[in-house]
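The data block below is input.csv; it holds CSV, C-alpha atoms.
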```csv
chain,number,residue,atom,x,y,z
J,1,MET,CA,75.8,132.4,163.3
J,2,ALA,CA,78.0,131.6,166.3
J,3,GLU,CA,79.2,128.0,166.2
J,4,ALA,CA,82.2,127.0,168.3
J,5,GLU,CA,85.2,126.4,166.1
J,6,GLU,CA,86.1,123.3,168.0
J,7,ASN,CA,82.9,121.6,166.8
J,8,ILE,CA,84.3,121.4,163.3
J,9,ARG,CA,85.2,117.8,162.6
J,10,PHE,CA,86.0,118.2,158.9
J,11,HIS,CA,87.0,121.0,156.8
J,12,GLU,CA,88.0,121.2,153.1
J,13,MET,CA,88.5,124.2,150.8
J,14,PHE,CA,88.1,124.2,147.0
J,15,HIS,CA,89.1,126.7,144.5
J,16,ILE,CA,86.6,127.9,141.9
J,17,GLU,CA,87.8,129.4,138.7
J,18,GLY,CA,85.6,132.2,137.4
J,19,GLY,CA,84.4,131.8,133.8
J,20,ASN,CA,85.1,128.1,133.8
J,21,PHE,CA,81.6,127.1,132.5
J,22,MET,CA,82.6,123.8,131.2
J,23,SER,CA,83.4,122.4,134.6
J,24,ALA,CA,80.5,124.1,136.4
J,25,GLY,CA,79.4,121.7,139.2
J,26,ALA,CA,82.8,120.1,139.6
J,27,ILE,CA,83.2,121.5,143.1
J,28,SER,CA,79.7,120.8,144.4
J,29,SER,CA,80.0,117.3,142.9
J,30,ARG,CA,83.0,116.8,145.1
J,31,VAL,CA,81.1,118.2,148.1
J,32,LYS,CA,78.3,115.7,147.4
J,33,ASN,CA,80.8,112.8,147.2
J,34,ILE,CA,82.3,113.7,150.5
J,35,LEU,CA,78.9,113.9,152.2
J,36,LYS,CA,77.8,110.6,150.5
J,37,LYS,CA,81.0,108.8,151.8
J,38,ALA,CA,80.4,110.3,155.2
J,39,GLY,CA,76.9,108.6,155.2
J,40,PHE,CA,74.7,111.6,155.7
J,41,PRO,CA,71.0,111.2,154.9
J,42,GLY,CA,69.9,111.6,151.3
J,43,GLN,CA,67.9,114.8,151.8
J,44,ILE,CA,70.8,116.5,153.7
J,45,ILE,CA,73.2,115.6,150.9
J,46,ARG,CA,70.7,116.8,148.2
J,47,ARG,CA,70.0,120.1,149.8
J,48,THR,CA,73.7,120.8,150.6
J,49,SER,CA,74.9,119.9,147.1
J,50,ILE,CA,72.2,121.8,145.3
J,51,ALA,CA,72.9,124.9,147.4
J,52,ALA,CA,76.6,124.4,146.8
J,53,PHE,CA,75.9,124.0,143.1
J,54,GLU,CA,74.1,127.3,142.9
J,55,ALA,CA,76.8,129.1,144.8
J,56,GLU,CA,79.5,127.6,142.6
J,57,MET,CA,77.6,128.7,139.5
J,58,ASN,CA,77.4,132.2,140.8
J,59,VAL,CA,81.2,132.4,141.3
J,60,ILE,CA,81.7,131.0,137.8
J,61,CYS,CA,79.3,133.4,136.1
J,62,TYR,CA,80.1,136.6,137.9
J,63,ALA,CA,83.4,136.5,139.8
J,64,ASN,CA,87.0,136.2,138.9
J,65,GLN,CA,87.6,133.4,141.3
J,66,GLY,CA,86.4,132.1,144.6
J,67,ASN,CA,86.8,129.5,147.3
J,68,LEU,CA,84.2,127.2,148.7
J,69,SER,CA,84.8,125.7,152.1
J,70,LEU,CA,82.8,122.8,153.5
J,71,PHE,CA,82.7,122.4,157.3
J,72,ILE,CA,81.2,119.4,159.0
J,73,ALA,CA,80.2,119.6,162.6
J,74,PRO,CA,78.2,117.2,164.8
J,75,ASN,CA,75.0,119.2,164.4
J,76,PHE,CA,75.3,121.0,161.2
J,77,LEU,CA,77.0,121.4,157.8
J,78,LYS,CA,78.3,124.8,156.8
J,79,VAL,CA,79.5,126.0,153.5
J,80,VAL,CA,81.3,129.3,153.0
J,81,VAL,CA,81.8,130.8,149.6
J,82,LYS,CA,84.0,133.8,149.2
J,83,ASP,CA,84.7,135.3,145.8
J,84,GLU,CA,86.6,138.2,144.3
J,85,GLY,CA,84.8,140.1,141.6
J,86,ILE,CA,82.3,142.7,140.9
J,87,GLY,CA,80.2,141.9,143.9
J,88,ILE,CA,76.5,142.5,144.3
J,89,PRO,CA,75.4,146.1,144.5
J,90,ASP,CA,71.9,145.3,145.9
J,91,VAL,CA,71.7,142.1,147.8
J,92,ASN,CA,67.9,142.3,148.4
J,93,LEU,CA,67.3,142.7,144.7
J,94,ALA,CA,69.7,139.8,143.9
J,95,MET,CA,67.7,137.5,146.3
J,96,ARG,CA,64.6,138.0,144.3
J,97,GLU,CA,63.6,135.0,142.3
J,98,GLY,CA,64.0,135.6,138.6
J,99,TYR,CA,66.1,138.7,139.0
J,100,SER,CA,69.3,138.2,136.9
J,101,THR,CA,72.2,140.3,135.9
J,102,ALA,CA,73.4,137.6,133.5
J,103,THR,CA,74.9,138.9,130.3
J,104,GLU,CA,73.6,137.5,127.0
J,105,LYS,CA,76.8,135.5,126.8
J,106,ILE,CA,76.1,133.9,130.1
J,107,ARG,CA,72.5,133.1,129.1
J,108,GLU,CA,73.6,131.7,125.8
J,109,LEU,CA,75.8,129.3,127.6
J,110,GLY,CA,72.9,128.2,129.7
J,111,PHE,CA,73.2,130.1,132.9
J,112,GLY,CA,71.7,133.0,134.6
J,113,ALA,CA,68.1,132.0,135.1
J,114,GLY,CA,68.0,134.2,138.2
J,115,MET,CA,67.1,131.4,140.5
J,116,GLY,CA,70.4,130.8,142.2
J,117,LEU,CA,70.2,132.8,145.4
J,118,SER,CA,66.6,132.0,146.2
J,119,ASN,CA,67.3,128.3,145.5
J,120,ILE,CA,70.1,128.5,148.1
J,121,LYS,CA,67.7,130.1,150.6
J,122,LYS,CA,65.1,127.4,150.0
J,123,ASN,CA,67.4,124.5,150.5
J,124,THR,CA,69.2,125.8,153.6
J,125,ASP,CA,68.4,126.5,157.2
J,126,GLU,CA,70.4,129.7,157.5
J,127,MET,CA,72.0,131.9,154.9
J,128,ILE,CA,74.1,135.0,155.1
J,129,LEU,CA,75.0,137.0,152.0
J,130,THR,CA,77.2,140.1,152.1
J,131,SER,CA,78.9,141.9,149.3
J,132,GLU,CA,81.2,144.7,148.7
J,133,SER,CA,80.5,146.3,145.3
J,134,GLY,CA,83.7,146.1,143.2
J,135,GLN,CA,85.4,143.7,145.6
J,136,GLY,CA,83.5,140.4,146.0
J,137,THR,CA,80.9,138.4,147.7
J,138,HIS,CA,80.7,136.4,150.9
J,139,LEU,CA,78.1,133.7,151.2
J,140,GLU,CA,77.6,131.3,154.1
J,141,PHE,CA,74.8,128.8,154.6
J,142,VAL,CA,74.1,126.2,157.2
J,143,ILE,CA,72.1,123.0,157.1
J,144,TYR,CA,71.1,121.5,160.4
J,145,LEU,CA,71.5,117.8,160.8
J,146,ASP,CA,68.9,117.3,163.5
J,147,ASN,CA,66.0,119.4,162.1
J,148,GLN,CA,63.2,118.5,159.7
J,149,LYS,CA,63.6,120.0,156.3
J,150,LYS,CA,62.6,123.7,156.3
J,151,GLU,CA,59.5,124.2,154.0
R,1,MET,CA,48.0,122.5,111.4
R,2,THR,CA,48.3,126.2,112.2
R,3,ILE,CA,49.6,128.0,115.3
R,4,PHE,CA,46.0,128.9,116.0
R,5,ASP,CA,45.0,125.3,116.1
R,6,ILE,CA,47.8,124.6,118.5
R,7,VAL,CA,46.8,127.5,120.7
R,8,GLN,CA,43.3,126.1,120.8
R,9,SER,CA,44.2,122.5,121.4
R,10,PHE,CA,46.7,123.1,124.2
R,11,GLY,CA,45.1,126.1,125.8
R,12,LEU,CA,48.3,128.1,125.4
R,13,GLU,CA,48.4,131.8,126.0
R,14,THR,CA,49.6,134.2,123.3
R,15,ARG,CA,51.9,136.9,124.4
R,16,ALA,CA,52.7,138.4,121.1
R,17,GLY,CA,51.8,138.2,117.4
R,18,LYS,CA,48.1,137.5,117.9
R,19,ASP,CA,47.5,138.6,114.3
R,20,HIS,CA,49.9,136.1,112.9
R,21,LEU,CA,48.5,132.8,114.2
R,22,GLY,CA,47.4,131.6,110.8
R,23,GLU,CA,50.8,130.3,109.9
R,24,GLU,CA,51.0,126.7,108.9
R,25,VAL,CA,53.4,124.7,111.1
R,26,THR,CA,55.9,122.6,109.2
R,27,GLY,CA,57.4,120.8,112.2
R,28,GLY,CA,58.8,121.4,115.6
R,29,TYR,CA,62.3,122.3,116.7
R,30,ALA,CA,63.3,122.3,120.4
R,31,SER,CA,66.6,123.9,121.3
R,32,ASP,CA,67.9,126.6,123.7
R,33,LEU,CA,71.1,127.1,121.8
R,34,LEU,CA,70.6,129.9,119.3
R,35,SER,CA,73.4,128.8,117.0
R,36,ASP,CA,71.8,125.4,116.8
R,37,VAL,CA,68.4,126.8,115.9
R,38,ILE,CA,70.1,129.0,113.2
R,39,ALA,CA,71.9,126.0,111.8
R,40,HIS,CA,69.2,123.4,111.8
R,41,SER,CA,65.7,124.7,112.1
R,42,ARG,CA,63.5,124.9,109.0
R,43,LYS,CA,61.1,127.6,107.7
R,44,GLY,CA,57.7,127.3,109.3
R,45,ASN,CA,59.0,125.3,112.3
R,46,LEU,CA,57.5,125.9,115.7
R,47,TRP,CA,60.4,126.7,118.1
R,48,ILE,CA,60.2,125.3,121.6
R,49,THR,CA,62.6,127.0,124.0
R,50,ILE,CA,63.2,128.5,127.4
R,51,GLN,CA,65.3,131.5,126.2
R,52,THR,CA,63.4,134.7,126.8
R,53,HIS,CA,65.7,137.4,125.5
R,54,PRO,CA,65.1,139.5,122.4
R,55,ASN,CA,67.6,137.6,120.3
R,56,ILE,CA,65.1,134.8,119.9
R,57,VAL,CA,62.9,137.1,117.8
R,58,ALA,CA,65.8,137.9,115.6
R,59,VAL,CA,66.5,134.2,115.1
R,60,ALA,CA,62.8,133.4,114.4
R,61,THR,CA,62.6,136.2,111.8
R,62,MET,CA,65.9,135.2,110.2
R,63,LYS,CA,64.8,131.6,109.9
R,64,GLU,CA,61.1,132.4,109.1
R,65,LEU,CA,59.9,130.3,111.9
R,66,ALA,CA,56.1,130.0,112.5
R,67,GLY,CA,56.4,131.0,116.2
R,68,ILE,CA,58.0,130.4,119.5
R,69,ILE,CA,56.7,128.6,122.6
R,70,LEU,CA,58.3,129.3,125.9
R,71,THR,CA,58.0,126.4,128.4
R,72,GLY,CA,58.3,125.9,132.1
R,73,GLY,CA,56.1,128.9,132.8
R,74,ARG,CA,58.6,131.3,131.5
R,75,GLU,CA,57.7,134.8,130.2
R,76,PRO,CA,59.4,136.7,127.5
R,77,ASP,CA,61.4,139.8,128.4
R,78,PRO,CA,59.6,143.1,127.8
R,79,GLU,CA,62.0,144.0,125.0
R,80,THR,CA,61.4,140.5,123.5
R,81,LEU,CA,57.6,141.2,123.5
R,82,GLN,CA,58.0,144.5,121.8
R,83,LYS,CA,60.3,143.1,119.1
R,84,ALA,CA,58.0,140.2,118.5
R,85,GLU,CA,55.1,142.5,117.9
R,86,ASP,CA,57.2,144.6,115.6
R,87,GLU,CA,58.3,141.6,113.6
R,88,GLY,CA,55.0,139.7,113.8
R,89,ILE,CA,56.4,136.7,115.5
R,90,PRO,CA,53.9,134.8,117.6
R,91,ILE,CA,55.2,134.0,121.1
R,92,LEU,CA,53.1,131.5,123.2
R,93,VAL,CA,53.7,130.4,126.7
R,94,SER,CA,53.2,127.0,128.4
R,95,PRO,CA,53.4,126.1,132.1
R,96,VAL,CA,54.7,122.6,131.4
R,97,PHE,CA,58.3,121.7,130.8
R,98,THR,CA,59.8,121.1,127.3
R,99,PHE,CA,59.7,117.3,127.5
R,100,GLU,CA,56.0,117.1,128.1
R,101,LEU,CA,55.0,119.9,125.7
R,102,VAL,CA,57.1,118.3,122.9
R,103,GLY,CA,55.6,114.9,123.7
R,104,ARG,CA,52.1,116.3,123.4
R,105,LEU,CA,52.8,118.2,120.2
R,106,TYR,CA,54.4,115.1,118.7
R,107,GLN,CA,51.3,113.1,119.5
R,108,LYS,CA,49.2,115.7,117.8
R,109,GLY,CA,51.2,115.0,114.6
R,110,ILE,CA,53.9,117.7,114.7
R,111,SER,CA,57.1,116.0,113.8
R,112,GLY,CA,60.8,116.6,114.2
R,113,LEU,CA,63.1,116.2,111.3
R,114,SER,CA,64.4,112.9,110.0
R,115,PRO,CA,67.6,111.5,111.6
R,116,CYS,CA,70.7,113.7,111.3
A,1,MET,CA,61.0,101.5,130.8
A,2,LYS,CA,64.4,100.0,130.7
A,3,LEU,CA,67.4,101.7,129.3
A,4,ARG,CA,67.6,99.0,126.7
A,5,GLU,CA,64.2,100.0,125.4
A,6,ILE,CA,65.1,103.7,125.2
A,7,ARG,CA,68.2,102.7,123.2
A,8,ASP,CA,66.0,100.7,120.8
A,9,ILE,CA,63.2,103.3,120.4
A,10,LEU,CA,65.8,105.9,119.4
A,11,THR,CA,68.3,103.6,117.6
A,12,ALA,CA,70.7,105.2,120.0
A,13,GLU,CA,74.2,104.2,120.8
A,14,VAL,CA,75.2,103.5,124.4
A,15,ILE,CA,78.7,104.9,124.8
A,16,THR,CA,79.5,104.1,128.4
A,17,GLY,CA,80.7,100.5,127.8
A,18,ASP,CA,79.2,98.4,130.5
A,19,ALA,CA,76.2,100.5,131.3
A,20,ASP,CA,73.4,98.7,133.0
A,21,LEU,CA,70.8,98.3,130.3
A,22,GLU,CA,68.3,96.9,132.7
A,23,LYS,CA,68.2,100.1,134.6
A,24,GLU,CA,64.7,101.4,135.1
A,25,ILE,CA,64.0,104.9,133.7
A,26,LYS,CA,60.6,106.4,134.4
A,27,TYR,CA,60.9,110.1,133.6
A,28,GLY,CA,62.3,112.4,131.0
A,29,PHE,CA,63.6,115.9,131.3
A,30,ALA,CA,64.9,117.9,128.3
A,31,ALA,CA,67.3,120.8,128.8
A,32,ASP,CA,70.0,122.5,126.7
A,33,LEU,CA,70.8,124.9,129.3
A,34,LEU,CA,72.4,124.1,132.6
A,35,SER,CA,70.3,126.5,134.6
A,36,ASP,CA,67.3,124.7,133.3
A,37,VAL,CA,68.7,121.4,134.5
A,38,LEU,CA,68.6,122.9,138.0
A,39,ALA,CA,64.8,122.7,137.8
A,40,LEU,CA,65.3,119.1,138.7
A,41,ALA,CA,66.0,120.3,142.1
A,42,ARG,CA,62.3,120.8,142.6
A,43,GLY,CA,61.6,117.2,142.2
A,44,SER,CA,63.7,114.1,142.0
A,45,GLY,CA,66.3,113.3,139.4
A,46,ALA,CA,66.2,109.6,140.3
A,47,GLN,CA,65.1,107.3,137.4
A,48,THR,CA,65.1,110.4,135.2
A,49,LEU,CA,66.7,110.5,131.7
A,50,LEU,CA,68.2,113.9,130.9
A,51,ILE,CA,67.8,114.7,127.2
A,52,THR,CA,70.3,117.3,126.3
A,53,GLY,CA,72.7,118.8,123.8
A,54,ILE,CA,75.2,119.7,126.5
A,55,ILE,CA,78.3,117.6,125.9
A,56,HIS,CA,80.6,119.1,128.5
A,57,PRO,CA,81.6,117.8,132.0
A,58,GLN,CA,79.1,120.2,133.6
A,59,VAL,CA,76.3,117.9,132.6
A,60,ILE,CA,77.9,114.9,134.4
A,61,TYR,CA,78.4,117.0,137.5
A,62,ALA,CA,74.7,117.9,137.3
A,63,GLY,CA,73.9,114.3,136.8
A,64,ASN,CA,75.8,113.4,139.9
A,65,ILE,CA,74.2,116.0,142.0
A,66,PHE,CA,70.7,115.1,140.9
A,67,ASP,CA,71.2,111.4,140.9
A,68,LEU,CA,70.2,111.2,137.3
A,69,GLY,CA,69.4,107.8,135.9
A,70,ALA,CA,71.0,108.3,132.5
A,71,ILE,CA,71.8,111.1,130.0
A,72,ILE,CA,71.1,111.0,126.3
A,73,PHE,CA,72.7,113.4,123.8
A,74,VAL,CA,70.6,114.5,120.9
A,75,ARG,CA,71.4,115.5,117.3
A,76,GLY,CA,74.1,112.8,117.2
A,77,LYS,CA,76.3,114.9,119.5
A,78,ARG,CA,79.1,113.0,121.1
A,79,PRO,CA,80.4,114.2,124.5
A,80,THR,CA,84.0,115.1,124.9
A,81,GLU,CA,86.5,112.5,126.2
A,82,ALA,CA,86.6,114.3,129.5
A,83,THR,CA,82.8,114.1,129.8
A,84,LEU,CA,82.8,110.4,128.9
A,85,GLN,CA,85.5,109.5,131.5
A,86,LEU,CA,83.7,111.4,134.2
A,87,ALA,CA,80.4,109.6,133.4
A,88,ILE,CA,82.2,106.3,133.7
A,89,GLU,CA,83.7,107.3,137.0
A,90,ASN,CA,80.3,108.4,138.3
A,91,GLN,CA,78.5,105.4,136.8
A,92,ILE,CA,76.1,107.5,134.7
A,93,PRO,CA,75.1,105.8,131.5
A,94,LEU,CA,75.4,107.9,128.4
A,95,LEU,CA,73.6,107.4,125.1
A,96,VAL,CA,73.8,109.2,121.8
A,97,ALA,CA,70.6,109.6,119.7
A,98,PRO,CA,70.6,110.5,116.0
A,99,TYR,CA,67.4,112.5,116.3
A,100,ILE,CA,66.9,116.1,117.1
A,101,MET,CA,65.5,117.1,120.5
A,102,PHE,CA,62.0,117.5,119.3
A,103,GLU,CA,61.9,114.0,117.7
A,104,THR,CA,63.7,112.4,120.6
A,105,CYS,CA,61.3,113.8,123.2
A,106,GLY,CA,58.3,113.0,121.0
A,107,ARG,CA,59.2,109.4,120.6
A,108,LEU,CA,60.0,108.8,124.2
A,109,TYR,CA,56.8,110.5,125.4
A,110,GLN,CA,54.8,108.5,122.9
A,111,HIS,CA,56.3,105.3,124.3
A,112,GLY,CA,55.3,106.1,127.8
A,113,LEU,CA,58.2,108.0,129.4
A,114,SER,CA,56.6,110.5,131.8
A,115,PRO,CA,57.6,114.1,132.4
A,116,SER,CA,60.0,114.4,135.3
A,117,ILE,CA,58.4,115.1,138.6
A,118,ALA,CA,59.7,118.6,138.4
A,119,LYS,CA,56.8,121.0,138.1
A,120,VAL,CA,56.5,124.7,137.6
A,121,LYS,CA,56.0,126.4,140.9
A,122,ASN,CA,52.7,128.1,141.4
A,123,GLY,CA,52.9,131.8,142.1
```

I need this file expressed as structure tokens, please.
Amino acid sequence: MAEAEENIRFHEMFHIEGGNFMSAGAISSRVKNILKKAGFPGQIIRRTSIAAFEAEMNVICYANQGNLSLFIAPNFLKVVVKDEGIGIPDVNLAMREGYSTATEKIRELGFGAGMGLSNIKKNTDEMILTSESGQGTHLEFVIYLDNQKKE
Amino acid sequence: MTIFDIVQSFGLETRAGKDHLGEEVTGGYASDLLSDVIAHSRKGNLWITIQTHPNIVAVATMKELAGIILTGGREPDPETLQKAEDEGIPILVSPVFTFELVGRLYQKGISGLSPC
Amino acid sequence: MKLREIRDILTAEVITGDADLEKEIKYGFAADLLSDVLALARGSGAQTLLITGIIHPQVIYAGNIFDLGAIIFVRGKRPTEATLQLAIENQIPLLVAPYIMFETCGRLYQHGLSPSIAKVKNG
């Protein structure tokens, strides 16, 4: 994804604490509020915040910590989530709906249904996921502002 | 009302414990928190949940529940199925979500407990 | 049905002071697990009542993201102070029902609350 840096009109970064289940959704909630205040259409807000929510949950469930950055450009919204942690050994496998590496503890707490990454894909126009096993994961997704919702 | 009656009435599919569907159902308990089910469910209750891992069988056995219904189209894990067969715990599956399934069971006369 | 009716059907307590009792609620969704709440992403959370035992802030954040109409806690569970404050800030009405999940869902369904639009995906 090659978007010119000078297109970015707004940028904010949030820290996500790994293991902080109680506040899961705090960051994506802030993202949503920013987008709402900026007056984006409802569907754009919904897709972005749901994808952000899933990304945030993944950091909380599986990483030690991470950062979520929101970029607003004239034609698109972009979210970058970088985390430090065990990473994802097999990205293709991880993208499969229902596949989960959630521990029982995570599932007891109510997470780990295995829908996260595929939900992100469904709600966004572009998605890139890379991971270094043992180091962490880098996720980026883009939502275009002038396209119809991708089916 | 037995588990078998419920299977028939609602067209549910049985994934395990087909030989144990004659159990009389004493009421319904909907919860996805195992500790809560352990604390508050009663013997003979039908447990409605989305948890699919093998611990649900351990809980159902411990509390002598009549059976488990997984909602939202969920399927039990393979280990869960095996354990359920071993323990004789019926596991049924339903494509609808918990709210709707419970509503329909309730209308059929399966009740929850009295106020806490 | 109005939030007021939901309160009455369940002899529930509204714990967010000046919640709008005339608010229209059409759908119900029951979830104890946060990942299940995300199923609401498939449909619309608007005018939906989330019926849950999750008393932590995570449920308010989910409520915000899915534009939930209201949240009711079952089994007489009271949310934490942090959760309550967050709900007030986000203007999400909170109720506490004395009944267990099964009874709560049963009564609401019987009184005409529809299942949330969220459906199981085919295939």

Inset, instruction - Report the distance between atom CA of R:Gly28 and atom CA of R:Leu70 in Å, rounded to one decimal place. - result: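 Between these atoms lies a distance of 13.0 Å.
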
Inset, instruction - Would you mind listing what lies within 6 Å of J:Gly25 as an NGL selection string, with all atoms listed in the file counted and same-chain residues fewer than 5 positions away left out? - result: (:J and (53)) or (:A and (58 or 61))

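As for atom CA of A:Glu89 and atom CA of A:Ile71, they are spaced 14.3 Å apart.
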
Inset, instruction - In Å, rounded to a single decimal, give me how far atom CA of J:Val81 is from atom CA of J:Asn67. - result: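 Answer for the atom CA of J:Asn67 to atom CA of J:Val81 separation: 5.7 Å.
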
Legend entry - Neighbours of point (81.5, 115.0, 142.3) within 9 Å, using all atoms listed in the file, written as JSON, numbers by chain: {"J": [25, 26, 27, 28, 29, 30, 31, 32, 33, 34], "A": [60, 61, 62, 64, 65, 90]}

Inset, instruction - Show me which bits of chain R are within 10 Å of chain J, counting all atoms listed in the file, as an MDAnalysis selection string. - result: chainID R and resid 32:35 50:55 74

Could you save the residues just selected, with C-alpha atoms, as a PDB file, in the coordinates of the input?
```
ATOM      1  CA  ASP R  32      67.900 126.600 123.700  1.00  0.00           C
ATOM      2  CA  LEU R  33      71.100 127.100 121.800  1.00  0.00           C
ATOM      3  CA  LEU R  34      70.600 129.900 119.300  1.00  0.00           C
ATOM      4  CA  SER R  35      73.400 128.800 117.000  1.00  0.00           C
ATOM      5  CA  ILE R  50      63.200 128.500 127.400  1.00  0.00           C
ATOM      6  CA  GLN R  51      65.300 131.500 126.200  1.00  0.00           C
ATOM      7  CA  THR R  52      63.400 134.700 126.800  1.00  0.00           C
ATOM      8  CA  HIS R  53      65.700 137.400 125.500  1.00  0.00           C
ATOM      9  CA  PRO R  54      65.100 139.500 122.400  1.00  0.00           C
ATOM     10  CA  ASN R  55      67.600 137.600 120.300  1.00  0.00           C
ATOM     11  CA  ARG R  74      58.600 131.300 131.500  1.00  0.00           C
TER      12      ARG R  74
END
```

Write out as an mmCIF file with C-alpha atoms, keeping the file's coordinate frame every residue belonging to chain R that has an atom at most 6 Å from any atom of chain A, counting all atoms listed in the file.
```
data_model
loop_
_atom_site.group_PDB
_atom_site.id
_atom_site.type_symbol
_atom_site.label_atom_id
_atom_site.label_comp_id
_atom_site.auth_asym_id
_atom_site.auth_seq_id
_atom_site.Cartn_x
_atom_site.Cartn_y
_atom_site.Cartn_z
ATOM 1 C CA TYR R 29 62.300 122.300 116.700
ATOM 2 C CA ALA R 30 63.300 122.300 120.400
ATOM 3 C CA ASP R 32 67.900 126.600 123.700
ATOM 4 C CA GLY R 72 58.300 125.900 132.100
ATOM 5 C CA PHE R 99 59.700 117.300 127.500
ATOM 6 C CA GLU R 100 56.000 117.100 128.100
ATOM 7 C CA VAL R 102 57.100 118.300 122.900
ATOM 8 C CA GLY R 103 55.600 114.900 123.700
ATOM 9 C CA TYR R 106 54.400 115.100 118.700
ATOM 10 C CA GLY R 112 60.800 116.600 114.200
ATOM 11 C CA PRO R 115 67.600 111.500 111.600
ATOM 12 C CA CYS R 116 70.700 113.700 111.300
#
```

Produce a table with one row for each residue of stretch 19-97 of chain J that has an atom at most 7 Å from any atom of stretch 135-144 of chain J, each row naming the nearest atom pair and its distance in Å at one decimal; use all atoms listed in the file; arrange rows by chain and rising residue number; format as JSON lines.
```
{"residue": "J:Asn75", "atom": "CA", "partner": "J:Tyr144", "partner_atom": "CA", "distance": 6.0}
{"residue": "J:Phe76", "atom": "CA", "partner": "J:Tyr144", "partner_atom": "CA", "distance": 4.3}
{"residue": "J:Leu77", "atom": "CA", "partner": "J:Ile143", "partner_atom": "CA", "distance": 5.2}
{"residue": "J:Lys78", "atom": "CA", "partner": "J:Val142", "partner_atom": "CA", "distance": 4.4}
{"residue": "J:Val79", "atom": "CA", "partner": "J:Phe141", "partner_atom": "CA", "distance": 5.6}
{"residue": "J:Val80", "atom": "CA", "partner": "J:Glu140", "partner_atom": "CA", "distance": 4.3}
{"residue": "J:Val81", "atom": "CA", "partner": "J:Leu139", "partner_atom": "CA", "distance": 5.0}
{"residue": "J:Lys82", "atom": "CA", "partner": "J:His138", "partner_atom": "CA", "distance": 4.5}
{"residue": "J:Asp83", "atom": "CA", "partner": "J:Gly136", "partner_atom": "CA", "distance": 5.2}
{"residue": "J:Glu84", "atom": "CA", "partner": "J:Gly136", "partner_atom": "CA", "distance": 4.2}
{"residue": "J:Gly85", "atom": "CA", "partner": "J:Gly136", "partner_atom": "CA", "distance": 4.6}
{"residue": "J:Ile86", "atom": "CA", "partner": "J:Gln135", "partner_atom": "CA", "distance": 5.7}
{"residue": "J:Gly87", "atom": "CA", "partner": "J:Gly136", "partner_atom": "CA", "distance": 4.2}
{"residue": "J:Ile88", "atom": "CA", "partner": "J:Thr137", "partner_atom": "CA", "distance": 6.9}
```

Legend entry - Of the listed residues A:Thr80, A:Ser35, A:Gln91, A:Gln85, that which approaches J:Ile50 most closely, counting only C-alpha atoms: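 Ranked by minimum distance to J:Ile50, first place goes to A:Ser35.
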
Legend entry - Among the residues J:Glu12, J:Glu54, J:Asp90, J:Glu132, the one that comes closest to chain A [using only C-alpha atoms]: J:Glu54

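Residue nearest chain A within the list J:Thr103, J:Asn64, J:Asn119, J:Ser69: J:Asn119 [criterion: smallest interatomic distance, all atoms listed in the file].
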
Inset, instruction - Select, counting only C-alpha atoms, all protein, DNA and RNA residues no farther than 12 Å from (82.0, 111.2, 126.8) in file coordinates, and express the selection as a ChimeraX atom specification. - result: /A:14-17,54-60,71-73,77-90,92-96

Inset, instruction - Tell me which protein, DNA and RNA residues are within 7 Å of stretch 1-17 of chain R, counting all atoms listed in the file, leaving out same-chain ones fewer than 3 positions away, and put them as a ChimeraX atom specification. - result: /R:20-25,81,84-85,88-94

Inset, instruction - Name the closest residue to A:Leu38 among the candidates J:Ile72, J:Met13, J:Ile60, J:Ala52; distances are taken between atoms, counting all atoms listed in the file. - result: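 The answer is J:Ala52, which sits nearest to A:Leu38.
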
Inset, instruction - Using only C-alpha atoms, pick whichever of A:Asp18, A:Glu13, A:Glu5, A:Asp67 has the shortest atom-to-atom distance to chain J. - result: A:Asp67

Could you give me stretch 63-70 of chain A completed to N, CA and C atoms, formatted as an mmCIF file, in the coordinates of the input?
```cif
data_model
loop_
_atom_site.group_PDB
_atom_site.id
_atom_site.type_symbol
_atom_site.label_atom_id
_atom_site.label_comp_id
_atom_site.auth_asym_id
_atom_site.auth_seq_id
_atom_site.Cartn_x
_atom_site.Cartn_y
_atom_site.Cartn_z
ATOM 1 N N GLY A 63 74.429 115.616 136.682
ATOM 2 C CA GLY A 63 73.900 114.300 136.800
ATOM 3 C C GLY A 63 74.200 113.658 138.141
ATOM 4 N N ASN A 64 75.408 113.886 138.629
ATOM 5 C CA ASN A 64 75.800 113.400 139.900
ATOM 6 C C ASN A 64 74.996 114.017 141.034
ATOM 7 N N ILE A 65 74.876 115.326 140.981
ATOM 8 C CA ILE A 65 74.200 116.000 142.000
ATOM 9 C C ILE A 65 72.692 115.693 142.089
ATOM 10 N N PHE A 66 72.095 115.449 140.947
ATOM 11 C CA PHE A 66 70.700 115.100 140.900
ATOM 12 C C PHE A 66 70.382 113.639 140.817
ATOM 13 N N ASP A 67 71.418 112.831 140.967
ATOM 14 C CA ASP A 67 71.200 111.400 140.900
ATOM 15 C C ASP A 67 70.507 110.940 139.632
ATOM 16 N N LEU A 68 70.860 111.522 138.497
ATOM 17 C CA LEU A 68 70.200 111.200 137.300
ATOM 18 C C LEU A 68 70.374 109.727 136.876
ATOM 19 N N GLY A 69 69.348 109.160 136.263
ATOM 20 C CA GLY A 69 69.400 107.800 135.900
ATOM 21 C C GLY A 69 70.315 107.556 134.659
ATOM 22 N N ALA A 70 70.209 108.452 133.694
ATOM 23 C CA ALA A 70 71.000 108.300 132.500
ATOM 24 C C ALA A 70 70.933 109.674 131.736
#
```
